[in-house]
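Below is one structure; the comments refer to it alone.
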Amino acid sequence: GVQTCALPICLTAGYKIELETETARSASVDQIDDDRPNGGDGAVEVRIAEWWLKHDTLGKLTIGQGDPATKNLLRINLGGTAVATKDGRIDSTGGGFFLRQTGVSGVNGLIQGTRLNELTTGLESNRRDRVRYDSPTIAGFTLSAAWGEDDYWDVALRFAQEIGGIRIAGGVGYVEDHDEEPDGAGFGADRDRSEYKTSISAWAPGLLGVGPYVQ
């Protein structure tokens, strides 16, 4: 980032772009095609493209394609096992697989056109075009809010602190999603959703507790 100061205001500005290329995603392959790409074999896609302004007292404003306020809220985990828990996203762990008829083996038993990821939505809040605000951290608390696309908004409050040698981290959030575009959380699903999310994790030497919840 680049910092500029005009007393008494001091701002930091920056731009972030993140690209990816992928093939044979675990979210896309199925029992027929083990090379099935998502958006093109080896195609380069934009994951994040955003610019931001940050003030130590006023907080941070971010505009562009990136994470909404509740992104990774359910992954708060002081044990470092967030990848293993994967916040309930069936689409990223074989969601492209077809359902199968009972007692019918081989390709003939597959119910083509009905995939696992069409039966449920994921629990994650996915990247999108949005405006996001993050407050400064005060006494371990950080407030975030985002709005974007047509029409999505969410808010989240996160907390992290160490008390008497015990590390505690957690968050609560709310999502309203009325975007008419298919949402990656349901891997093609187009549906309105309102969700309350919360997650808490506590760590002490030899002990770990993790508890995400969505309603």
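Order determines the names: the first chain of the structure tokens is A, the second B, and so forth; residues in each chain are numbered 1 upward, and ligands are numbered 1 upward as they are shown.
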
Once DSSP has gone over the backbone, tell me which residues of segment 6-174 of chain A are in alpha helix (DSSP H), as a ChimeraX atom specification. /A:82-85

Within 9 Å of Thr142 of chain A using only C-alpha atoms, minus same-chain residues under 5 positions, as a VMD selection string: chain A and resid 134 to 137 156 to 160

Export, as an mmCIF file, in the first residue's frame, the selected residues with N, CA, C and O atoms.
```cif
data_model
loop_
_atom_site.group_PDB
_atom_site.id
_atom_site.type_symbol
_atom_site.label_atom_id
_atom_site.label_comp_id
_atom_site.auth_asym_id
_atom_site.auth_seq_id
_atom_site.Cartn_x
_atom_site.Cartn_y
_atom_site.Cartn_z
ATOM 1 N N ASP A 134 -14.478 -2.199 7.299
ATOM 2 C CA ASP A 134 -13.981 -2.866 8.495
ATOM 3 C C ASP A 134 -13.547 -1.804 9.497
ATOM 4 O O ASP A 134 -12.733 -0.922 9.167
ATOM 5 N N SER A 135 -14.073 -1.901 10.702
ATOM 6 C CA SER A 135 -13.733 -0.937 11.742
ATOM 7 C C SER A 135 -12.338 -1.229 12.293
ATOM 8 O O SER A 135 -11.809 -2.332 12.118
ATOM 9 N N PRO A 136 -11.748 -0.283 12.989
ATOM 10 C CA PRO A 136 -10.525 -0.596 13.738
ATOM 11 C C PRO A 136 -10.848 -1.625 14.823
ATOM 12 O O PRO A 136 -11.997 -1.753 15.249
ATOM 13 N N THR A 137 -9.845 -2.348 15.269
ATOM 14 C CA THR A 137 -10.039 -3.304 16.358
ATOM 15 C C THR A 137 -9.985 -2.575 17.692
ATOM 16 O O THR A 137 -9.007 -1.889 17.998
ATOM 17 N N ALA A 156 -20.828 -8.482 10.287
ATOM 18 C CA ALA A 156 -20.170 -9.448 11.157
ATOM 19 C C ALA A 156 -19.427 -8.724 12.269
ATOM 20 O O ALA A 156 -18.894 -7.628 12.071
ATOM 21 N N LEU A 157 -19.401 -9.334 13.432
ATOM 22 C CA LEU A 157 -18.638 -8.838 14.565
ATOM 23 C C LEU A 157 -17.707 -9.964 15.014
ATOM 24 O O LEU A 157 -18.157 -11.050 15.369
ATOM 25 N N ARG A 158 -16.401 -9.691 14.994
ATOM 26 C CA ARG A 158 -15.403 -10.687 15.389
ATOM 27 C C ARG A 158 -14.703 -10.262 16.676
ATOM 28 O O ARG A 158 -14.592 -9.074 16.973
ATOM 29 N N PHE A 159 -14.214 -11.266 17.402
ATOM 30 C CA PHE A 159 -13.544 -11.018 18.670
ATOM 31 C C PHE A 159 -12.356 -11.951 18.799
ATOM 32 O O PHE A 159 -12.443 -13.136 18.453
ATOM 33 N N ALA A 160 -11.245 -11.442 19.275
ATOM 34 C CA ALA A 160 -10.070 -12.269 19.559
ATOM 35 C C ALA A 160 -9.353 -11.667 20.761
ATOM 36 O O ALA A 160 -9.060 -10.465 20.781
#
```

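One distance worth recording is that between atom CA of Ala146 of chain A and atom CA of Asn77 of chain A, which is 22.9 Å.
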
Exercise: Leu74 of chain A partners within 8 Å, only C-alpha atoms, chain neighbours under 6 positions left out, as a PyMOL selection string: chain A and resi 87+124+197-199+212-213

With C-alpha atoms retained, export the selected residues as an mmCIF file, in the first residue's frame.
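For reference, out_1.cif as written:
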```
data_model
loop_
_atom_site.group_PDB
_atom_site.id
_atom_site.type_symbol
_atom_site.label_atom_id
_atom_site.label_comp_id
_atom_site.auth_asym_id
_atom_site.auth_seq_id
_atom_site.Cartn_x
_atom_site.Cartn_y
_atom_site.Cartn_z
ATOM 1 C CA ASP A 87 -17.333 -25.046 6.751
ATOM 2 C CA GLU A 124 -19.694 -20.006 3.144
ATOM 3 C CA LYS A 197 -23.875 -17.332 11.606
ATOM 4 C CA THR A 198 -21.727 -17.729 14.658
ATOM 5 C CA SER A 199 -18.490 -19.456 15.530
ATOM 6 C CA PRO A 212 -19.670 -23.132 14.364
ATOM 7 C CA TYR A 213 -23.438 -22.699 13.955
#
```

For Gln215 of chain A, list every protein, DNA or RNA residue within 10 Å, evaluated using only C-alpha atoms, and leave out those in the same chain fewer than 5 positions away; present the list as a PyMOL selection string. chain A and resi 123+174+194-198

Report the distance between atom CA of Ala49 of chain A and atom CA of Lys16 of chain A in Å, rounded to one decimal place. 5.7 Å
